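Novice: Just passing along the structure, written as C-alpha cells.
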Amino acid sequence: MTNQKASLPKSKSRIGVAFTVARIGGFMANISKKKLFKRTENGGNGGGGLGRGRAIASSVDLMRASSPTRLNSPISVSQSPWIFQLPSALNMFDQITTASKGKQIVMFLDYDGTLSPIVEDPDRAFMTNEMRAAVKNIATCFPTAIVTGRRRDKGNEAVLFQPASELLPMIEEVHKTLSEITKSINGAKVENNKFCISVHFRCVDEKRWGALAEQVKSVVNQYPKLIMSLGRKVLEIRPAIKWDKGKALEFLLESLGFTNSSDVLPVYIGDDRTDEDAFKVLQSKGLGFGILVSKFPKETCASYSLQEPSEVEEFLCRLVNWKRSMGALLSKPTLSD
Ligand SMILES: O=P(O)(O)OC[C@H]1O[C@H](O[C@H]2O[C@H](CO)[C@@H](O)[C@H](O)[C@H]2O)[C@H](O)[C@@H](O)[C@@H]1O
C-alpha cells in the first residue's frame, strides 16, 4: 500500500463535502478533567482549586489517557466487557442495513484515526489507495461528508461553513506565540488548522508533558475567546463558540433537507473525543448509528465499534457492495418485463 497526498477524491462524490469544524466543548469524560480544563475552557485561571503540583500531575494523567496504547486490564480485547456493550459494526452489518429500509443513509466520516491511521507526523497522515477508493465509492452510493478539524488545504476540498472567521487574526497570533514558546520542548509540534491550533505531544518525552501543558495554558489563558481541550496526544485550542461536530452533523443534515428524521439514517464514524459530540446528537435523537474506531475500551455514546481504519475500509466496502447489490436486484428484469 502506498501512501498518497492526504486529499479526498475530487469526482463523483454525491456531496463532495469536506468540513472544517471549529471545535468546542470536547468530550468531558470525568470530573477531574472538567476541573483541569475549567480555566482554559472558561478563560479563567486553571486547575480549579488544585495546587500547582497537583494540577500539573493531573494534566499529565489526562494527557496519558487521551490516547491509550494498551488496555489497563490484563484481559484481551475480545474478552473485554466493553466489546459486549459496543458490538463490532462488521458483525452488526445486517442490522445496520435492515434499519436503513426506506431511509436515506448519509455517511459522516472523521479523518485522522478513522480514514488514515494515527502516525507520529500529522503532515504524513495519509489515506491508503484502498481507503481512498473506498471513500470515493461510498460517496457515489450515499451523501458523504468528511467532518474534520483539519484545515482545507490539508486534505479537504470544500468547506460549507466556517464559523468564527473574525477570530482568524487572533488564532494566527496565538499560533505564532505557541510555536515560539514550545521550541524549548523537544518533539512538540504546533499545527495551524486555521480555526484551531493543535499542539502535538505524541513525540514529546512523557516527563515534559506537564511543562508543555503549562506553557500552552499560560498562553491560552490570555485569550478569553479561546478554549483548550484534549484529543489523541494533542492539545487543541479553538474558539469558545457553540460549534462542534454534533452541531456540524445537524447543520449538514438540515442543509441536505433531512429535517424529517424518519427519512434518514446517518452513520457517523470517528475515533476521537470531538466525535463524541456527534455520537451524542445521534444517541439523543435516536437517529442512525455512531461507530467508534478504537481498539481500547473508552467511554462513548457510539452504538458500535470498529477497531482501526482497515476495519473502517472493510465496513465502507461492504456498504458499497450491499448498495450495489440492492440496485442490481431492483434493475433485474422480471418475467413481466
Ligand atoms: O477532527 P480530526 O480529523 O479527528 O482531527 C483531530 C486531530 O487530528 C490530527 O491529529 C491526530 O492525528 C495525527 C496524525 O495521525 C497524530 O499525530 C495526532 O497525535 C492525532 O491527535 C491533526 O493533526 C490535528 O490537528 C487534529 O486536531
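Chain identifiers are assigned as A, B, and so on, following the order in which chains appear in the C-alpha cells; residues are numbered from 1 within each chain, and ligands are numbered from 1 in order of appearance.
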Which residues form the shell of 9 Å around ligand 1 when you count only C-alpha atoms and all ligand atoms, given as a PDB file with N, CA, C and O atoms, in the first residue's frame?
Specialist:
ATOM      1  N   THR A  20     -14.716  21.810   7.668  1.00  0.00           N
ATOM      2  CA  THR A  20     -13.819  22.270   8.709  1.00  0.00           C
ATOM      3  C   THR A  20     -14.636  22.615   9.932  1.00  0.00           C
ATOM      4  O   THR A  20     -15.595  23.354   9.859  1.00  0.00           O
ATOM      5  N   VAL A  21     -14.260  22.039  11.024  1.00  0.00           N
ATOM      6  CA  VAL A  21     -15.054  22.212  12.228  1.00  0.00           C
ATOM      7  C   VAL A  21     -14.261  22.971  13.280  1.00  0.00           C
ATOM      8  O   VAL A  21     -13.176  22.571  13.640  1.00  0.00           O
ATOM      9  N   ARG A  23     -13.966  23.426  16.876  1.00  0.00           N
ATOM     10  CA  ARG A  23     -14.500  22.562  17.908  1.00  0.00           C
ATOM     11  C   ARG A  23     -14.638  23.239  19.255  1.00  0.00           C
ATOM     12  O   ARG A  23     -13.857  24.092  19.607  1.00  0.00           O
ATOM     13  N   SER A  66      -5.404  10.313  27.007  1.00  0.00           N
ATOM     14  CA  SER A  66      -6.010  10.843  25.782  1.00  0.00           C
ATOM     15  C   SER A  66      -5.872   9.901  24.599  1.00  0.00           C
ATOM     16  O   SER A  66      -6.614   9.973  23.652  1.00  0.00           O
ATOM     17  N   SER A  67      -4.904   9.018  24.638  1.00  0.00           N
ATOM     18  CA  SER A  67      -4.724   8.100  23.521  1.00  0.00           C
ATOM     19  C   SER A  67      -4.108   6.818  24.049  1.00  0.00           C
ATOM     20  O   SER A  67      -2.910   6.597  23.935  1.00  0.00           O
ATOM     21  N   LEU A 109     -17.790  10.960   8.044  1.00  0.00           N
ATOM     22  CA  LEU A 109     -16.520  10.293   8.338  1.00  0.00           C
ATOM     23  C   LEU A 109     -15.516  11.277   8.919  1.00  0.00           C
ATOM     24  O   LEU A 109     -15.260  12.339   8.333  1.00  0.00           O
ATOM     25  N   ASP A 110     -14.960  10.930  10.064  1.00  0.00           N
ATOM     26  CA  ASP A 110     -13.840  11.685  10.609  1.00  0.00           C
ATOM     27  C   ASP A 110     -12.598  11.312   9.777  1.00  0.00           C
ATOM     28  O   ASP A 110     -12.611  10.290   9.071  1.00  0.00           O
ATOM     29  N   TYR A 111     -11.544  12.107   9.852  1.00  0.00           N
ATOM     30  CA  TYR A 111     -10.355  11.802   9.043  1.00  0.00           C
ATOM     31  C   TYR A 111      -9.272  11.056   9.840  1.00  0.00           C
ATOM     32  O   TYR A 111      -9.086   9.861   9.687  1.00  0.00           O
ATOM     33  N   ASP A 112      -8.610  11.805  10.758  1.00  0.00           N
ATOM     34  CA  ASP A 112      -7.460  11.207  11.463  1.00  0.00           C
ATOM     35  C   ASP A 112      -7.907  10.077  12.385  1.00  0.00           C
ATOM     36  O   ASP A 112      -8.803  10.247  13.210  1.00  0.00           O
ATOM     37  N   GLY A 113      -7.262   8.934  12.261  1.00  0.00           N
ATOM     38  CA  GLY A 113      -7.586   7.804  13.139  1.00  0.00           C
ATOM     39  C   GLY A 113      -8.798   7.030  12.641  1.00  0.00           C
ATOM     40  O   GLY A 113      -9.126   5.981  13.184  1.00  0.00           O
ATOM     41  N   THR A 114      -9.475   7.557  11.614  1.00  0.00           N
ATOM     42  CA  THR A 114     -10.656   6.887  11.068  1.00  0.00           C
ATOM     43  C   THR A 114     -10.384   6.467   9.623  1.00  0.00           C
ATOM     44  O   THR A 114     -10.438   5.296   9.284  1.00  0.00           O
ATOM     45  N   LEU A 115     -10.066   7.469   8.795  1.00  0.00           N
ATOM     46  CA  LEU A 115      -9.743   7.165   7.391  1.00  0.00           C
ATOM     47  C   LEU A 115      -8.239   6.983   7.210  1.00  0.00           C
ATOM     48  O   LEU A 115      -7.790   6.307   6.289  1.00  0.00           O
ATOM     49  N   SER A 116      -7.461   7.668   8.058  1.00  0.00           N
ATOM     50  CA  SER A 116      -6.000   7.495   7.981  1.00  0.00           C
ATOM     51  C   SER A 116      -5.530   6.994   9.336  1.00  0.00           C
ATOM     52  O   SER A 116      -6.077   7.391  10.365  1.00  0.00           O
ATOM     53  N   PRO A 117      -4.512   6.125   9.343  1.00  0.00           N
ATOM     54  CA  PRO A 117      -4.028   5.640  10.634  1.00  0.00           C
ATOM     55  C   PRO A 117      -3.324   6.764  11.393  1.00  0.00           C
ATOM     56  O   PRO A 117      -2.823   7.711  10.785  1.00  0.00           O
ATOM     57  N   ILE A 118      -3.308   6.664  12.700  1.00  0.00           N
ATOM     58  CA  ILE A 118      -2.583   7.644  13.508  1.00  0.00           C
ATOM     59  C   ILE A 118      -1.082   7.432  13.296  1.00  0.00           C
ATOM     60  O   ILE A 118      -0.577   6.322  13.404  1.00  0.00           O
ATOM     61  N   VAL A 119      -0.404   8.512  12.941  1.00  0.00           N
ATOM     62  CA  VAL A 119       1.053   8.450  12.736  1.00  0.00           C
ATOM     63  C   VAL A 119       1.702   9.572  13.546  1.00  0.00           C
ATOM     64  O   VAL A 119       1.020  10.498  13.992  1.00  0.00           O
ATOM     65  N   GLU A 120       3.021   9.487  13.700  1.00  0.00           N
ATOM     66  CA  GLU A 120       3.701  10.491  14.532  1.00  0.00           C
ATOM     67  C   GLU A 120       3.637  11.888  13.938  1.00  0.00           C
ATOM     68  O   GLU A 120       3.450  12.868  14.635  1.00  0.00           O
ATOM     69  N   ASP A 121       3.837  11.970  12.621  1.00  0.00           N
ATOM     70  CA  ASP A 121       3.877  13.287  11.983  1.00  0.00           C
ATOM     71  C   ASP A 121       2.504  13.587  11.361  1.00  0.00           C
ATOM     72  O   ASP A 121       2.106  12.935  10.390  1.00  0.00           O
ATOM     73  N   PRO A 122       1.775  14.592  11.894  1.00  0.00           N
ATOM     74  CA  PRO A 122       0.436  14.873  11.346  1.00  0.00           C
ATOM     75  C   PRO A 122       0.453  15.241   9.866  1.00  0.00           C
ATOM     76  O   PRO A 122      -0.554  15.069   9.179  1.00  0.00           O
ATOM     77  N   ASP A 123       1.607  15.686   9.362  1.00  0.00           N
ATOM     78  CA  ASP A 123       1.675  16.002   7.934  1.00  0.00           C
ATOM     79  C   ASP A 123       1.804  14.746   7.072  1.00  0.00           C
ATOM     80  O   ASP A 123       1.827  14.818   5.847  1.00  0.00           O
ATOM     81  N   ARG A 124       1.961  13.613   7.742  1.00  0.00           N
ATOM     82  CA  ARG A 124       2.091  12.377   6.975  1.00  0.00           C
ATOM     83  C   ARG A 124       0.941  11.401   7.260  1.00  0.00           C
ATOM     84  O   ARG A 124       1.089  10.183   7.144  1.00  0.00           O
ATOM     85  N   ALA A 125      -0.187  11.977   7.631  1.00  0.00           N
ATOM     86  CA  ALA A 125      -1.368  11.132   7.888  1.00  0.00           C
ATOM     87  C   ALA A 125      -2.137  10.982   6.579  1.00  0.00           C
ATOM     88  O   ALA A 125      -2.958  11.824   6.227  1.00  0.00           O
ATOM     89  N   PHE A 126      -1.828   9.923   5.852  1.00  0.00           N
ATOM     90  CA  PHE A 126      -2.415   9.728   4.525  1.00  0.00           C
ATOM     91  C   PHE A 126      -3.417   8.584   4.511  1.00  0.00           C
ATOM     92  O   PHE A 126      -3.274   7.620   5.261  1.00  0.00           O
ATOM     93  N   ILE A 146     -16.938  14.525   5.084  1.00  0.00           N
ATOM     94  CA  ILE A 146     -15.786  14.337   5.972  1.00  0.00           C
ATOM     95  C   ILE A 146     -15.869  15.437   7.020  1.00  0.00           C
ATOM     96  O   ILE A 146     -15.898  16.617   6.676  1.00  0.00           O
ATOM     97  N   VAL A 147     -15.921  15.056   8.257  1.00  0.00           N
ATOM     98  CA  VAL A 147     -16.038  16.044   9.334  1.00  0.00           C
ATOM     99  C   VAL A 147     -14.715  16.062  10.093  1.00  0.00           C
ATOM    100  O   VAL A 147     -14.406  15.132  10.836  1.00  0.00           O
ATOM    101  N   THR A 148     -13.928  17.092   9.854  1.00  0.00           N
ATOM    102  CA  THR A 148     -12.584  17.111  10.435  1.00  0.00           C
ATOM    103  C   THR A 148     -12.195  18.499  10.915  1.00  0.00           C
ATOM    104  O   THR A 148     -12.714  19.494  10.417  1.00  0.00           O
ATOM    105  N   GLY A 149     -11.301  18.522  11.867  1.00  0.00           N
ATOM    106  CA  GLY A 149     -10.772  19.790  12.343  1.00  0.00           C
ATOM    107  C   GLY A 149      -9.613  20.274  11.490  1.00  0.00           C
ATOM    108  O   GLY A 149      -9.112  21.373  11.689  1.00  0.00           O
ATOM    109  N   ARG A 150      -9.188  19.456  10.559  1.00  0.00           N
ATOM    110  CA  ARG A 150      -8.048  19.853   9.717  1.00  0.00           C
ATOM    111  C   ARG A 150      -8.403  20.998   8.796  1.00  0.00           C
ATOM    112  O   ARG A 150      -9.554  21.162   8.424  1.00  0.00           O
ATOM    113  N   ARG A 151      -7.383  21.756   8.401  1.00  0.00           N
ATOM    114  CA  ARG A 151      -7.661  22.862   7.502  1.00  0.00           C
ATOM    115  C   ARG A 151      -7.873  22.326   6.086  1.00  0.00           C
ATOM    116  O   ARG A 151      -7.405  21.242   5.741  1.00  0.00           O
ATOM    117  N   VAL A 190       3.521  22.325  16.743  1.00  0.00           N
ATOM    118  CA  VAL A 190       2.338  23.180  16.748  1.00  0.00           C
ATOM    119  C   VAL A 190       1.797  23.243  15.321  1.00  0.00           C
ATOM    120  O   VAL A 190       2.512  23.605  14.393  1.00  0.00           O
ATOM    121  N   GLU A 191       0.538  22.872  15.184  1.00  0.00           N
ATOM    122  CA  GLU A 191      -0.062  22.804  13.847  1.00  0.00           C
ATOM    123  C   GLU A 191      -1.144  23.874  13.735  1.00  0.00           C
ATOM    124  O   GLU A 191      -1.979  24.025  14.633  1.00  0.00           O
ATOM    125  N   ASN A 192      -1.099  24.610  12.650  1.00  0.00           N
ATOM    126  CA  ASN A 192      -2.101  25.651  12.438  1.00  0.00           C
ATOM    127  C   ASN A 192      -3.227  25.095  11.576  1.00  0.00           C
ATOM    128  O   ASN A 192      -3.063  24.874  10.375  1.00  0.00           O
ATOM    129  N   ASN A 193      -4.366  24.859  12.192  1.00  0.00           N
ATOM    130  CA  ASN A 193      -5.508  24.315  11.449  1.00  0.00           C
ATOM    131  C   ASN A 193      -6.486  25.418  11.049  1.00  0.00           C
ATOM    132  O   ASN A 193      -7.663  25.150  10.836  1.00  0.00           O
ATOM    133  N   CYS A 196      -8.377  26.270  14.362  1.00  0.00           N
ATOM    134  CA  CYS A 196      -7.952  25.692  15.640  1.00  0.00           C
ATOM    135  C   CYS A 196      -6.453  25.417  15.561  1.00  0.00           C
ATOM    136  O   CYS A 196      -5.893  25.268  14.467  1.00  0.00           O
ATOM    137  N   ILE A 197      -5.834  25.444  16.725  1.00  0.00           N
ATOM    138  CA  ILE A 197      -4.390  25.165  16.760  1.00  0.00           C
ATOM    139  C   ILE A 197      -4.205  23.854  17.511  1.00  0.00           C
ATOM    140  O   ILE A 197      -4.800  23.650  18.568  1.00  0.00           O
ATOM    141  N   SER A 198      -3.374  22.979  16.947  1.00  0.00           N
ATOM    142  CA  SER A 198      -3.116  21.709  17.619  1.00  0.00           C
ATOM    143  C   SER A 198      -1.681  21.698  18.119  1.00  0.00           C
ATOM    144  O   SER A 198      -0.753  21.931  17.343  1.00  0.00           O
ATOM    145  N   VAL A 199      -1.522  21.435  19.410  1.00  0.00           N
ATOM    146  CA  VAL A 199      -0.166  21.267  19.942  1.00  0.00           C
ATOM    147  C   VAL A 199       0.012  19.773  20.201  1.00  0.00           C
ATOM    148  O   VAL A 199      -0.589  19.202  21.114  1.00  0.00           O
ATOM    149  N   HIS A 200       0.825  19.154  19.363  1.00  0.00           N
ATOM    150  CA  HIS A 200       1.003  17.699  19.436  1.00  0.00           C
ATOM    151  C   HIS A 200       2.075  17.336  20.459  1.00  0.00           C
ATOM    152  O   HIS A 200       3.143  17.944  20.475  1.00  0.00           O
ATOM    153  N   PHE A 201       1.771  16.309  21.267  1.00  0.00           N
ATOM    154  CA  PHE A 201       2.811  15.849  22.203  1.00  0.00           C
ATOM    155  C   PHE A 201       3.145  14.369  22.028  1.00  0.00           C
ATOM    156  O   PHE A 201       3.802  13.756  22.865  1.00  0.00           O
ATOM    157  N   ARG A 202       2.715  13.780  20.918  1.00  0.00           N
ATOM    158  CA  ARG A 202       2.981  12.363  20.636  1.00  0.00           C
ATOM    159  C   ARG A 202       4.483  12.067  20.660  1.00  0.00           C
ATOM    160  O   ARG A 202       4.910  10.994  21.083  1.00  0.00           O
ATOM    161  N   CYS A 203       5.308  13.033  20.223  1.00  0.00           N
ATOM    162  CA  CYS A 203       6.748  12.775  20.144  1.00  0.00           C
ATOM    163  C   CYS A 203       7.514  13.456  21.287  1.00  0.00           C
ATOM    164  O   CYS A 203       8.739  13.599  21.223  1.00  0.00           O
ATOM    165  N   LEU A 230      -8.516  18.321  24.962  1.00  0.00           N
ATOM    166  CA  LEU A 230      -7.561  17.249  24.653  1.00  0.00           C
ATOM    167  C   LEU A 230      -8.076  16.324  23.570  1.00  0.00           C
ATOM    168  O   LEU A 230      -9.233  15.922  23.607  1.00  0.00           O
ATOM    169  N   GLY A 231      -7.210  16.005  22.612  1.00  0.00           N
ATOM    170  CA  GLY A 231      -7.534  14.967  21.642  1.00  0.00           C
ATOM    171  C   GLY A 231      -6.499  13.864  21.804  1.00  0.00           C
ATOM    172  O   GLY A 231      -5.855  13.756  22.855  1.00  0.00           O
ATOM    173  N   ARG A 232      -6.279  13.090  20.765  1.00  0.00           N
ATOM    174  CA  ARG A 232      -5.331  11.980  20.867  1.00  0.00           C
ATOM    175  C   ARG A 232      -3.912  12.517  20.818  1.00  0.00           C
ATOM    176  O   ARG A 232      -3.407  12.886  19.775  1.00  0.00           O
ATOM    177  N   LYS A 233      -3.284  12.587  21.983  1.00  0.00           N
ATOM    178  CA  LYS A 233      -1.928  13.132  22.131  1.00  0.00           C
ATOM    179  C   LYS A 233      -1.817  14.512  21.490  1.00  0.00           C
ATOM    180  O   LYS A 233      -0.812  14.845  20.839  1.00  0.00           O
ATOM    181  N   VAL A 234      -2.857  15.287  21.678  1.00  0.00           N
ATOM    182  CA  VAL A 234      -2.858  16.639  21.113  1.00  0.00           C
ATOM    183  C   VAL A 234      -3.674  17.563  22.019  1.00  0.00           C
ATOM    184  O   VAL A 234      -4.709  17.165  22.573  1.00  0.00           O
ATOM    185  N   LEU A 235      -3.147  18.778  22.229  1.00  0.00           N
ATOM    186  CA  LEU A 235      -3.917  19.810  22.922  1.00  0.00           C
ATOM    187  C   LEU A 235      -4.516  20.684  21.832  1.00  0.00           C
ATOM    188  O   LEU A 235      -3.789  21.166  20.950  1.00  0.00           O
ATOM    189  N   GLU A 236      -5.828  20.854  21.884  1.00  0.00           N
ATOM    190  CA  GLU A 236      -6.477  21.606  20.811  1.00  0.00           C
ATOM    191  C   GLU A 236      -6.981  22.943  21.355  1.00  0.00           C
ATOM    192  O   GLU A 236      -7.684  22.985  22.364  1.00  0.00           O
ATOM    193  N   ILE A 237      -6.617  24.010  20.681  1.00  0.00           N
ATOM    194  CA  ILE A 237      -7.012  25.352  21.106  1.00  0.00           C
ATOM    195  C   ILE A 237      -7.952  25.905  20.042  1.00  0.00           C
ATOM    196  O   ILE A 237      -7.608  25.939  18.859  1.00  0.00           O
ATOM    197  N   LYS A 245     -18.713  18.990  16.434  1.00  0.00           N
ATOM    198  CA  LYS A 245     -19.033  18.041  15.361  1.00  0.00           C
ATOM    199  C   LYS A 245     -20.506  17.609  15.414  1.00  0.00           C
ATOM    200  O   LYS A 245     -21.060  17.214  14.405  1.00  0.00           O
ATOM    201  N   GLY A 270     -16.076   7.797  13.810  1.00  0.00           N
ATOM    202  CA  GLY A 270     -14.995   8.656  14.320  1.00  0.00           C
ATOM    203  C   GLY A 270     -14.274   8.008  15.483  1.00  0.00           C
ATOM    204  O   GLY A 270     -14.780   7.057  16.094  1.00  0.00           O
ATOM    205  N   ASP A 271     -13.089   8.531  15.796  1.00  0.00           N
ATOM    206  CA  ASP A 271     -12.260   7.870  16.819  1.00  0.00           C
ATOM    207  C   ASP A 271     -11.953   8.731  18.037  1.00  0.00           C
ATOM    208  O   ASP A 271     -11.400   8.244  19.008  1.00  0.00           O
ATOM    209  N   ASP A 272     -12.274  10.023  17.982  1.00  0.00           N
ATOM    210  CA  ASP A 272     -11.692  10.919  18.991  1.00  0.00           C
ATOM    211  C   ASP A 272     -12.775  11.548  19.859  1.00  0.00           C
ATOM    212  O   ASP A 272     -13.966  11.396  19.610  1.00  0.00           O
ATOM    213  N   ARG A 273     -12.335  12.317  20.851  1.00  0.00           N
ATOM    214  CA  ARG A 273     -13.292  12.940  21.775  1.00  0.00           C
ATOM    215  C   ARG A 273     -14.241  13.894  21.069  1.00  0.00           C
ATOM    216  O   ARG A 273     -15.405  13.984  21.406  1.00  0.00           O
ATOM    217  N   THR A 274     -13.728  14.617  20.074  1.00  0.00           N
ATOM    218  CA  THR A 274     -14.588  15.579  19.387  1.00  0.00           C
ATOM    219  C   THR A 274     -15.721  14.859  18.634  1.00  0.00           C
ATOM    220  O   THR A 274     -16.784  15.432  18.429  1.00  0.00           O
ATOM    221  N   ASP A 275     -15.479  13.605  18.266  1.00  0.00           N
ATOM    222  CA  ASP A 275     -16.518  12.848  17.570  1.00  0.00           C
ATOM    223  C   ASP A 275     -17.655  12.470  18.509  1.00  0.00           C
ATOM    224  O   ASP A 275     -18.766  12.176  18.065  1.00  0.00           O
TER     225      ASP A 275
END
Novice: Identify, with DSSP run on backbone atoms, the residues in range 63-213 of chain A assigned to strand (DSSP E or B), and express the list as a list in words.
Specialist: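 Taking range 63-213 of chain A and keeping strand (DSSP E or B) only, one gets Ser88, Gln104, Ile105, Val106, Met107, Phe108, Leu109, Asp112, Ser116, Thr128, Thr144, Ala145, Ile146, Val147, Thr148, Val159, Lys189, Val190, Glu191, Asn192, Ile197, Ser198, Val199 and His200 of chain A.
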Novice: Could you tell me how far CA of Glu299 in chain A lies from CA of Thr144 in chain A, in Å and to one decimal?
Specialist: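 Those two atoms sit 26.2 Å apart.
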Novice: Quick one: distance from CA of Pro266 in chain A to CA of Lys103 in chain A in Å, one decimal?
Specialist: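 Value for the CA of Pro266 in chain A-CA of Lys103 in chain A distance: 9.4 Å.
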Novice: From the set A:Ala145, A:Cys317, A:Met131, A:Ile96, which residue has the shortest atom-to-atom contact distance to Leu252 in chain A, counting only C-alpha atoms?
Specialist: A:Ala145
Novice: Counting only C-alpha atoms, figure out which residue out of A:Leu319, A:Leu226, A:Val281, A:Val264 gets nearest to Leu249 in chain A.
Specialist: A:Val281
Novice: List the neighbours of Met170 in chain A out to 10 Å using only C-alpha atoms; skip same-chain residues closer than 3 positions along the sequence, and give me the result as an MDAnalysis selection string.
Specialist: chainID A and resid 166:167 173:176 223 225:226 239
Novice: Those same residues, written as a short mmCIF file (atom, residue, chain, number, x, y, z; two decimals), in the first residue's frame with N, CA, C and O atoms?
Specialist:
data_model
loop_
_atom_site.label_atom_id
_atom_site.label_comp_id
_atom_site.auth_asym_id
_atom_site.auth_seq_id
_atom_site.Cartn_x
_atom_site.Cartn_y
_atom_site.Cartn_z
N GLU A 166 -13.93 35.88 12.14
CA GLU A 166 -13.38 37.12 12.68
C GLU A 166 -12.26 36.85 13.70
O GLU A 166 -11.50 37.75 14.04
N LEU A 167 -12.15 35.61 14.15
CA LEU A 167 -11.11 35.30 15.14
C LEU A 167 -9.79 34.88 14.48
O LEU A 167 -8.81 34.62 15.17
N GLU A 173 -2.05 34.82 15.63
CA GLU A 173 -1.13 35.36 16.64
C GLU A 173 -0.79 34.30 17.70
O GLU A 173 0.37 34.10 18.06
N VAL A 174 -1.82 33.58 18.16
CA VAL A 174 -1.60 32.55 19.19
C VAL A 174 -0.74 31.42 18.60
O VAL A 174 0.15 30.89 19.27
N HIS A 175 -0.96 31.12 17.34
CA HIS A 175 -0.16 30.08 16.70
C HIS A 175 1.33 30.46 16.73
O HIS A 175 2.20 29.65 17.07
N LYS A 176 1.59 31.74 16.41
CA LYS A 176 2.99 32.20 16.40
C LYS A 176 3.59 32.09 17.79
O LYS A 176 4.70 31.59 17.97
N TYR A 223 -6.31 34.62 26.40
CA TYR A 223 -7.30 34.84 25.34
C TYR A 223 -8.65 34.25 25.75
O TYR A 223 -8.91 33.06 25.54
N LYS A 225 -11.39 34.35 24.47
CA LYS A 225 -12.23 33.82 23.39
C LYS A 225 -11.77 32.45 22.90
O LYS A 225 -12.31 31.92 21.94
N LEU A 226 -10.73 31.93 23.54
CA LEU A 226 -10.24 30.61 23.14
C LEU A 226 -10.38 29.61 24.29
O LEU A 226 -10.30 29.99 25.45
N PRO A 239 -11.82 28.39 19.15
CA PRO A 239 -12.71 29.46 19.59
C PRO A 239 -13.78 28.95 20.55
O PRO A 239 -14.31 27.86 20.36
#
Novice: Might you pull out every residue within 10 Å of Cys301 in chain A, with only C-alpha atoms counted and same-chain residues fewer than 3 positions away left off, and present them as a count of residues only?
Specialist: 17
